[in-house]
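K.L.:
The structure file data11.txt (compact mmCIF, C-alpha atoms) is provided below.
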# COMPACT_ATOMS: atom_id res chain seq x y z
CA MET A 613 -1.39 -18.37 -35.12
CA VAL A 614 -2.98 -21.61 -33.89
CA PHE A 615 -0.85 -23.53 -36.40
CA VAL A 616 2.29 -21.81 -35.09
CA ALA A 617 1.32 -22.48 -31.47
CA LEU A 618 0.74 -26.18 -32.12
CA LEU A 619 4.02 -26.66 -33.95
CA THR A 620 5.93 -24.69 -31.33
CA ALA A 621 4.82 -27.31 -28.80
CA LEU A 622 6.23 -30.22 -30.84
CA PRO A 623 9.03 -32.26 -29.30
CA ALA A 624 12.44 -32.08 -30.95
CA ALA A 625 12.62 -35.81 -31.76
CA ALA A 626 10.31 -37.57 -34.18
CA GLY A 627 10.14 -41.22 -35.28
CA LYS A 628 12.82 -42.86 -33.16
CA ILE A 629 12.35 -46.63 -32.84
CA GLN A 630 14.50 -48.65 -30.45
CA LEU A 631 15.10 -52.04 -32.08
CA GLY A 632 17.66 -53.39 -29.62
CA ASP A 633 20.31 -52.36 -27.14
CA ASP A 634 22.30 -50.54 -29.82
CA ALA A 635 19.97 -50.78 -32.84
CA VAL A 636 17.97 -47.60 -33.48
CA LEU A 637 15.88 -46.54 -36.47
CA ASN A 638 14.94 -42.89 -37.07
CA VAL A 639 12.42 -41.74 -39.68
CA ASP A 640 12.12 -37.96 -40.18
CA VAL A 641 10.70 -35.58 -42.75
CA LEU A 642 11.92 -32.16 -43.88
CA LEU A 643 9.45 -29.74 -45.44
CA GLN A 644 10.45 -26.26 -46.62
CA PRO A 645 7.61 -24.30 -48.30
CA GLN A 646 8.85 -21.07 -49.90
CA MET A 647 7.34 -17.87 -51.21
CA GLN A 648 9.37 -15.59 -53.48
CA LEU A 649 8.75 -12.10 -54.83
CA VAL A 650 11.02 -11.35 -57.80
CA LYS A 651 11.67 -7.94 -59.32
CA ASN A 652 10.57 -7.94 -62.99
CA GLY A 653 9.57 -11.58 -62.55
CA ALA A 654 6.15 -11.23 -64.17
CA PRO A 655 5.72 -11.50 -67.97
CA VAL A 656 4.85 -7.80 -68.26
CA GLY A 657 7.74 -6.74 -66.04
CA ASP A 658 5.96 -6.37 -62.70
CA VAL A 659 6.89 -8.19 -59.51
CA GLY A 660 6.58 -11.95 -59.99
CA THR A 661 5.26 -14.26 -57.30
CA ASP A 662 6.07 -17.90 -56.79
CA PHE A 663 4.95 -20.46 -54.20
CA PHE A 664 6.74 -23.82 -54.19
CA LEU A 665 8.42 -26.44 -52.02
CA ARG A 666 12.12 -25.74 -51.80
CA ARG A 667 12.82 -29.16 -50.26
CA VAL A 668 10.75 -32.25 -49.48
CA ARG A 669 12.92 -34.92 -47.89
CA LEU A 670 12.44 -38.27 -46.22
CA LEU A 671 15.28 -39.19 -43.89
CA VAL A 672 15.95 -42.72 -42.65
CA PHE A 673 18.98 -43.19 -40.42
CA GLY A 674 20.18 -45.00 -37.33
CA SER A 675 22.53 -47.62 -35.92
CA ILE A 676 22.72 -51.37 -36.36
CA THR A 677 25.35 -52.00 -33.71
CA LYS A 678 27.26 -49.69 -31.40
CA ARG A 679 29.81 -49.05 -34.17
CA LEU A 680 27.81 -49.56 -37.37
CA SER A 681 25.43 -46.81 -38.55
CA PHE A 682 23.78 -45.54 -41.73
CA PHE A 683 22.15 -42.44 -43.18
CA ILE A 684 19.81 -42.24 -46.21
CA ASP A 685 17.63 -39.40 -47.42
CA THR A 686 15.75 -38.41 -50.56
CA ASP A 687 14.88 -35.08 -52.12
CA GLN A 688 12.66 -33.51 -54.78
CA PRO A 689 13.86 -29.89 -54.65
CA ASN A 690 12.06 -26.85 -56.04
CA PHE A 691 8.81 -28.77 -56.44
CA GLY A 692 6.46 -26.42 -58.29
CA LYS A 693 9.00 -23.59 -58.79
CA ASN A 694 8.08 -21.52 -61.84
CA GLY A 695 5.20 -23.93 -62.44
CA ASP A 696 7.43 -26.99 -62.85
CA TRP A 697 5.82 -29.93 -61.04
CA ASN A 698 8.18 -32.53 -62.52
CA PRO A 699 11.58 -32.01 -60.87
CA ALA A 700 13.69 -35.12 -60.39
CA PHE A 701 13.18 -37.28 -57.30
CA TYR A 702 16.49 -38.79 -56.21
CA ILE A 703 18.70 -40.12 -53.44
CA GLN A 704 20.37 -37.17 -51.68
CA ASP A 705 22.66 -39.08 -49.30
CA ALA A 706 23.36 -42.76 -48.73
CA THR A 707 26.24 -43.59 -46.39
CA LEU A 708 27.30 -46.53 -44.27
CA ALA A 709 29.68 -45.75 -41.39
CA TYR A 710 31.78 -48.00 -39.17
CA GLU A 711 33.58 -46.64 -36.10
CA VAL A 712 36.96 -48.34 -36.48
CA ALA A 713 38.34 -46.62 -33.36
CA ASP A 714 37.05 -44.18 -30.79
CA LYS A 715 35.69 -41.14 -32.69
CA THR A 716 37.11 -42.39 -36.00
CA TRP A 717 34.73 -43.55 -38.74
CA LEU A 718 35.24 -45.19 -42.09
CA GLU A 719 32.34 -44.28 -44.38
CA ALA A 720 31.28 -45.48 -47.82
CA GLY A 721 28.48 -44.59 -50.20
CA PHE A 722 27.16 -41.33 -51.65
CA ILE A 723 29.10 -38.78 -49.58
CA LEU A 724 29.02 -35.01 -49.12
CA ALA A 725 32.39 -33.82 -50.47
CA PRO A 726 34.37 -32.44 -47.46
CA LEU A 727 35.69 -29.10 -48.74
CA SER A 728 34.62 -26.41 -46.23
CA HIS A 729 32.39 -25.74 -43.24
CA HIS A 730 29.61 -24.38 -45.44
CA ALA A 731 29.84 -27.24 -47.94
CA LEU A 732 29.44 -29.68 -45.03
CA GLN A 733 26.37 -28.01 -43.53
CA GLY A 734 23.01 -29.75 -43.61
CA ALA A 735 20.06 -27.92 -45.16
CA ILE A 736 18.11 -28.55 -41.96
CA ALA A 737 20.47 -26.45 -39.84
CA LEU A 738 21.40 -23.47 -42.01
CA ASN A 739 21.33 -20.04 -40.41
CA THR A 740 20.39 -18.34 -43.69
CA VAL A 741 17.43 -19.22 -45.90
CA ASP A 742 19.61 -21.28 -48.22
CA TYR A 743 23.19 -22.09 -49.22
CA HIS A 744 25.58 -19.71 -50.94
CA SER A 745 25.38 -22.13 -53.84
CA ASP A 746 26.64 -19.64 -56.45
CA LEU A 747 30.06 -19.96 -54.81
CA ILE A 748 30.19 -23.79 -54.78
CA ARG A 749 31.49 -24.68 -58.25
CA TYR A 750 32.43 -28.33 -58.41
CA PRO A 751 33.12 -29.55 -61.97
CA LEU A 752 29.96 -30.07 -63.99
CA GLY A 753 28.92 -33.70 -64.21
CA VAL A 754 30.59 -34.69 -60.93
CA GLY A 755 28.25 -36.54 -58.57
CA LYS A 756 25.03 -34.73 -57.66
CA VAL A 757 24.25 -31.80 -55.37
CA TRP A 758 27.79 -31.62 -53.90
CA ARG A 759 27.78 -35.40 -53.25
CA ASP A 760 29.92 -38.06 -54.89
CA ALA A 761 30.34 -41.82 -54.58
CA GLY A 762 33.35 -43.14 -52.69
CA ILE A 763 34.89 -43.70 -49.27
CA GLN A 764 35.85 -41.35 -46.47
CA VAL A 765 37.65 -41.40 -43.13
CA ARG A 766 36.30 -38.94 -40.57
CA GLY A 767 37.54 -38.38 -37.05
CA PHE A 768 38.91 -36.29 -34.21
CA ALA A 769 42.42 -35.89 -32.81
CA GLY A 770 42.27 -33.57 -29.81
CA PRO A 771 41.20 -30.12 -31.07
CA LEU A 772 41.66 -31.22 -34.69
CA THR A 773 38.83 -32.68 -36.78
CA TYR A 774 39.41 -34.11 -40.22
CA ARG A 775 37.73 -35.71 -43.22
CA ALA A 776 39.55 -37.27 -46.18
CA ALA A 777 37.68 -38.80 -49.10
CA ILE A 778 38.49 -40.70 -52.28
CA LEU A 779 35.58 -40.15 -54.66
CA ASN A 780 34.56 -41.14 -58.16
CA GLY A 781 34.78 -37.66 -59.69
CA VAL A 782 34.79 -37.19 -63.46
CA GLU A 783 34.60 -40.48 -65.33
CA GLY A 784 37.36 -41.06 -67.87
CA SER A 785 35.88 -40.62 -71.34
CA ARG A 786 36.48 -39.38 -74.87
CA LEU A 787 34.27 -36.42 -75.72
CA GLU A 788 32.53 -35.87 -79.06
CA ASN A 789 35.08 -33.21 -80.01
CA GLY A 790 37.93 -35.69 -79.50
CA GLN A 791 39.16 -34.37 -76.14
CA VAL A 792 39.83 -36.99 -73.46
CA VAL A 793 39.05 -36.20 -69.83
CA ASN A 794 40.61 -38.21 -67.02
CA PRO A 795 42.34 -40.57 -69.48
CA ASP A 796 43.59 -42.89 -66.71
CA ASP A 797 40.18 -42.87 -64.97
CA LEU A 798 41.78 -41.71 -61.71
CA PRO A 799 39.63 -40.90 -58.65
CA ARG A 800 39.00 -37.52 -57.09
CA VAL A 801 40.61 -36.62 -53.74
CA VAL A 802 38.95 -34.23 -51.27
CA GLY A 803 40.03 -33.33 -47.72
CA HIS A 804 39.09 -30.96 -44.92
CA ALA A 805 40.69 -30.20 -41.55
CA ARG A 806 39.45 -27.97 -38.72
CA TYR A 807 41.18 -26.63 -35.64
CA ASN A 808 38.70 -26.14 -32.81
CA VAL A 809 39.80 -23.27 -30.60
CA LEU A 810 36.63 -23.39 -28.51
CA GLY A 811 34.30 -26.39 -28.32
CA ARG A 812 33.99 -28.98 -31.06
CA GLU A 813 31.44 -29.72 -33.79
CA GLU A 814 30.87 -33.48 -33.89
CA ASP A 815 27.86 -33.68 -36.23
CA LEU A 816 28.01 -35.58 -39.50
CA PHE A 817 26.38 -32.52 -41.08
CA LEU A 818 27.66 -29.26 -39.59
CA ARG A 819 25.29 -26.47 -38.60
CA GLY A 820 25.00 -22.78 -39.29
CA ILE A 821 23.63 -22.11 -35.79
CA TYR A 822 23.75 -24.37 -32.73
CA PHE A 823 21.60 -22.59 -30.08
CA THR A 824 24.53 -23.33 -27.82
CA ASP A 825 25.29 -22.36 -24.23
CA HIS A 826 29.05 -22.85 -24.71
CA PRO A 827 31.21 -21.04 -27.27
CA LEU A 828 32.26 -22.61 -30.58
CA LEU A 829 35.17 -21.22 -32.58
CA SER A 830 36.99 -23.09 -35.32
CA PHE A 831 39.11 -22.52 -38.42
CA GLY A 832 39.14 -24.84 -41.41
CA VAL A 833 41.00 -25.50 -44.65
CA GLY A 834 40.13 -27.85 -47.49
CA GLY A 835 41.19 -29.00 -50.92
CA ASP A 836 39.71 -30.86 -53.89
CA TYR A 837 41.76 -32.28 -56.78
CA GLN A 838 41.21 -34.41 -59.86
CA TYR A 839 43.60 -34.88 -62.75
CA SER A 840 42.57 -33.79 -66.28
CA ALA A 841 38.92 -33.45 -65.35
CA ILE A 842 37.88 -30.30 -67.22
CA ALA A 843 37.72 -29.79 -70.97
CA THR A 844 37.58 -26.25 -72.35
CA ALA A 845 38.41 -24.60 -75.68
CA SER A 846 42.02 -24.18 -74.53
CA GLY A 847 42.48 -27.87 -73.66
CA VAL A 848 42.04 -30.31 -70.78
CA HIS A 849 42.78 -29.05 -67.27
CA ASP A 850 43.05 -30.39 -63.75
CA ALA A 851 40.17 -29.53 -61.42
CA VAL A 852 41.52 -27.81 -58.31
CA ALA A 853 39.61 -26.20 -55.46
CA LEU A 854 40.95 -24.64 -52.26
CA ALA A 855 38.92 -23.36 -49.32
CA ALA A 856 39.43 -21.66 -45.96
CA ASP A 857 36.81 -20.73 -43.38
CA VAL A 858 36.05 -19.52 -39.88
CA PHE A 859 32.99 -20.28 -37.76
CA LEU A 860 31.97 -18.63 -34.47
CA ASP A 861 28.88 -19.31 -32.37
CA MET A 862 29.21 -17.31 -29.14
CA PRO A 863 26.63 -17.20 -26.31
CA MET A 864 26.14 -13.59 -25.25
CA GLY A 865 23.78 -13.92 -22.30
CA ALA A 866 20.52 -15.54 -21.36
CA ASP A 867 19.21 -17.19 -24.57
CA GLN A 868 21.31 -14.98 -26.85
CA GLU A 869 24.13 -15.75 -29.27
CA LEU A 870 26.33 -14.15 -31.90
CA ILE A 871 26.95 -16.15 -35.08
CA ILE A 872 29.68 -15.35 -37.61
CA GLN A 873 30.71 -17.50 -40.54
CA SER A 874 32.95 -16.80 -43.51
CA ASN A 875 34.25 -19.08 -46.29
CA VAL A 876 36.72 -18.33 -49.09
CA PHE A 877 36.90 -20.50 -52.23
CA SER A 878 39.35 -20.68 -55.13
CA TRP A 879 38.20 -22.64 -58.19
CA GLN A 880 40.80 -23.46 -60.84
CA GLN A 881 39.28 -25.25 -63.84
CA GLY A 882 41.02 -23.50 -66.73
CA PHE A 883 41.50 -19.78 -67.40
CA ASP A 884 38.79 -19.78 -70.08
CA ASN A 885 36.23 -21.58 -67.90
CA PRO A 886 33.53 -19.22 -66.51
CA ARG A 887 33.33 -21.40 -63.39
CA SER A 888 36.95 -20.57 -62.46
CA GLY A 889 37.67 -17.77 -60.01
CA THR A 890 37.74 -16.76 -56.36
CA GLY A 891 34.77 -16.04 -54.13
CA PHE A 892 33.84 -15.56 -50.52
CA PHE A 893 30.81 -15.01 -48.32
CA MET A 894 30.15 -13.82 -44.79
CA GLU A 895 27.19 -14.32 -42.45
CA LEU A 896 26.53 -12.25 -39.33
CA GLY A 897 23.57 -12.89 -37.04
CA TYR A 898 22.52 -12.09 -33.48
CA ARG A 899 19.78 -14.19 -31.85
CA ILE A 900 17.70 -12.93 -28.93
CA GLY A 901 15.29 -15.66 -27.87
CA ILE A 902 13.40 -16.76 -30.98
CA VAL A 903 14.27 -13.58 -32.93
CA GLU A 904 17.39 -13.23 -35.08
CA PRO A 905 18.21 -10.38 -37.45
CA LEU A 906 21.07 -11.30 -39.76
CA ILE A 907 22.89 -10.18 -42.86
CA SER A 908 25.01 -12.07 -45.35
CA GLY A 909 26.83 -11.21 -48.53
CA GLU A 910 28.78 -12.99 -51.24
CA TYR A 911 31.21 -12.00 -53.97
CA PHE A 912 32.74 -13.95 -56.84
CA ASN A 913 35.53 -12.72 -59.08
CA GLY A 914 35.65 -14.84 -62.22
CA ARG A 915 38.75 -15.56 -64.27
CA VAL A 916 36.68 -14.90 -67.39
CA ASN A 917 35.56 -11.31 -67.97
CA ALA A 918 31.99 -10.39 -67.03
CA GLN A 919 31.49 -13.51 -64.89
CA ASP A 920 31.43 -11.81 -61.49
CA LEU A 921 28.76 -11.83 -58.80
CA LEU A 922 27.89 -9.52 -55.90
CA THR A 923 24.94 -10.19 -53.57
CA LEU A 924 23.77 -8.67 -50.28
CA ARG A 925 21.17 -10.55 -48.23
CA PRO A 926 19.62 -8.88 -45.16
CA GLY A 927 17.24 -11.23 -43.35
CA PHE A 928 15.18 -11.98 -40.28
CA ASN A 929 14.58 -15.38 -38.64
CA LEU A 930 11.99 -16.58 -36.13
CA TRP A 931 13.09 -19.76 -34.35
CA PHE A 932 9.77 -21.01 -32.97
CA GLN A 933 11.22 -24.47 -32.21
CA LYS A 934 14.87 -24.09 -33.25
CA HIS A 935 15.52 -26.33 -36.28
CA THR A 936 12.27 -28.25 -35.79
CA PHE A 937 10.05 -25.35 -36.82
CA ASN A 938 11.10 -21.90 -37.95
CA LEU A 939 10.49 -19.05 -40.37
CA LYS A 940 13.37 -17.48 -42.32
CA THR A 941 13.20 -14.40 -44.51
CA GLU A 942 15.66 -12.46 -46.66
CA VAL A 943 15.88 -9.89 -49.43
CA ALA A 944 18.63 -10.69 -51.95
CA VAL A 945 20.00 -7.68 -53.85
CA SER A 946 22.38 -8.88 -56.54
CA ARG A 947 24.36 -8.03 -59.65
CA ALA A 948 25.85 -10.64 -61.97
CA GLY A 949 28.12 -10.55 -65.01
CA ASP A 950 29.77 -7.16 -65.44
CA ILE A 951 28.66 -5.99 -62.01
CA SER A 952 29.62 -2.34 -62.61
CA HIS A 953 27.04 -2.11 -65.41
CA ALA A 954 24.63 -4.97 -64.69
CA LYS A 955 21.04 -4.39 -63.65
CA THR A 956 20.24 -4.98 -60.00
CA GLY A 957 18.09 -8.00 -59.26
CA ILE A 958 15.94 -8.13 -56.13
CA THR A 959 14.35 -11.29 -54.74
CA GLY A 960 12.43 -11.49 -51.47
CA THR A 961 12.10 -14.96 -49.91
CA ALA A 962 10.15 -16.33 -46.95
CA GLN A 963 10.59 -19.97 -45.97
CA LEU A 964 8.85 -22.08 -43.35
CA GLN A 965 10.67 -25.19 -42.13
CA LEU A 966 9.31 -28.27 -40.44
CA PHE A 967 11.79 -30.98 -39.51
CA TYR A 968 10.13 -33.78 -37.56
Translate this file's structure into structure tokens.

P.N.:
Amino acid sequence: MVFVALLTALPAAAGKIQLGDDAVLNVDVLLQPQMQLVKNGAPVGDVGTDFFLRRVRLLVFGSITKRLSFFIDTDQPNFGKNGDWNPAFYIQDATLAYEVADKTWLEAGFILAPLSHHALQGAIALNTVDYHSDLIRYPLGVGKVWRDAGIQVRGFAGPLTYRAAILNGVEGSRLENGQVVNPDDLPRVVGHARYNVLGREEDLFLRGIYFTDHPLLSFGVGGDYQYSAIATASGVHDAVALAADVFLDMPMGADQELIIQSNVFSWQQGFDNPRSGTGFFMELGYRIGIVEPLISGEYFNGRVNAQDLLTLRPGFNLWFQKHTFNLKTEVAVSRAGDISHAKTGITGTAQLQLFY
């Protein structure tokens, strides 16, 4: 309780260093310790327990001039999960941005692919414990953790926000079985557009909850395409993804808000590819002060038989210091494969977050 009280008193900003009139350097850390209880997770079939670090990140970002900025962060996810203390340490993001016109940026580097609201959210500002990552099915071997190398234009035009990126995607190569993917070594194209009915989200990384005193309501669509990027037993196929979403963050009174988010995804990577199919999720939460009960669920209908997924995730959050310090909990009840006959998996998760 003393630990909680001390961290609740922390200021929202951390290592901000003013280097000049427009030059600013920020150094932050993200720490997310997790505890999980897994049904039949123990060797003899009892409940398994696991303590590990879901994310450990160092973030370095800032501005060089009024128009020139950068963002770099690292990650070593799932450090210690299932006793594995050797997960890869890597660059998570690395972007350089130049504001070519008012509220219009040209960005280059290792970029978060702009497909949907959820795919553009930062791990620091999720409303749920974690992403609905089972529904994000970019082609295997493309970039890393939803990122890819390339360039992007990002900006605002009245109530419309947009991002359009040309990314590296699948490298053209001849596989061992003789199939050739991306024979002309063409780039990948990804785009996202949002219409803001109420308010406007201007963050580089969108949020799952804003603790806002003014309403936010927006609708988004996105697409992802690369020619001849997927090789399966039936041949080489284009990689196509389509997405649509809605996001609502509505103040409901003194220090209260209603949060609703839903995303729909269609992944087309060959009819015999288990990653192909259509899925959606929905999140519903209601915050009263620091307390927020919420529930989310996700469903995926695969093109290949017995590749479906159904998960329900009731949870409870305590926002001691908003995104700076919080505790998130959930119980995931899921079925995968042939969901009408599959066994039900249950995983309870509690996660502390410190972002400072």

K.L.:
Between A:Ala948, A:Ile676, A:Leu964, A:Ala851, which one has atoms that come closest to Leu930 in chain A, using all atoms listed in the file?

P.N.:
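Using all atoms listed in the file, the shortest distance to Leu930 in chain A belongs to A:Leu964.
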
K.L.:
Give me the residues near range 631-641 of chain A as JSON, numbers by chain, where near means some atom within 8 Å (using all atoms listed in the file) and where sequence neighbours in that chain fewer than 6 positions away do not count.

P.N.:
{"A": [668, 669, 670, 671, 672, 673, 674, 675, 676, 677, 678, 966, 967, 968]}

K.L.:
Which residues come within 9 Å of range 834-847 of chain A, counting only C-alpha atoms, excluding same-chain residues fewer than 4 positions away, as a ChimeraX atom specification?

P.N.:
/A:725-728,750-752,781-784,787,791-806,851-857,881-885

K.L.:
I want to know what sits within 7 Å of Ala737 in chain A, based on all atoms listed in the file, with residues of the same chain fewer than 3 positions away left out; could you give that as a list in words?

P.N.:
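Result of the neighbour search: Gly734, Arg819, Gly820, Ile821 and His935 of chain A.
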
K.L.:
Let's have the selection written as a CSV table (one decimal), in the coordinates of the input, with C-alpha atoms.

P.N.:
chain,number,residue,atom,x,y,z
A,734,GLY,CA,23.0,-29.8,-43.6
A,819,ARG,CA,25.3,-26.5,-38.6
A,820,GLY,CA,25.0,-22.8,-39.3
A,821,ILE,CA,23.6,-22.1,-35.8
A,935,HIS,CA,15.5,-26.3,-36.3

K.L.:
Tell me which protein, DNA and RNA residues are within 12 Å of Phe768 in chain A, counting all atoms listed in the file, leaving out same-chain ones fewer than 3 positions away, and put them as a list in words.

P.N.:
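Surrounding residues, per the criterion: Glu711, Ala713, Asp714, Lys715, Thr716, Trp717, Val765, Pro771, Leu772, Thr773, Tyr774, Arg775, His804, Ala805, Arg806, Tyr807, Asn808, Arg812, Glu813, Glu814 and Asp815 of chain A.
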
K.L.:
Any idea what the distance is between CA of Arg947 in chain A and CA of Lys651 in chain A?

P.N.:
12.7 Å
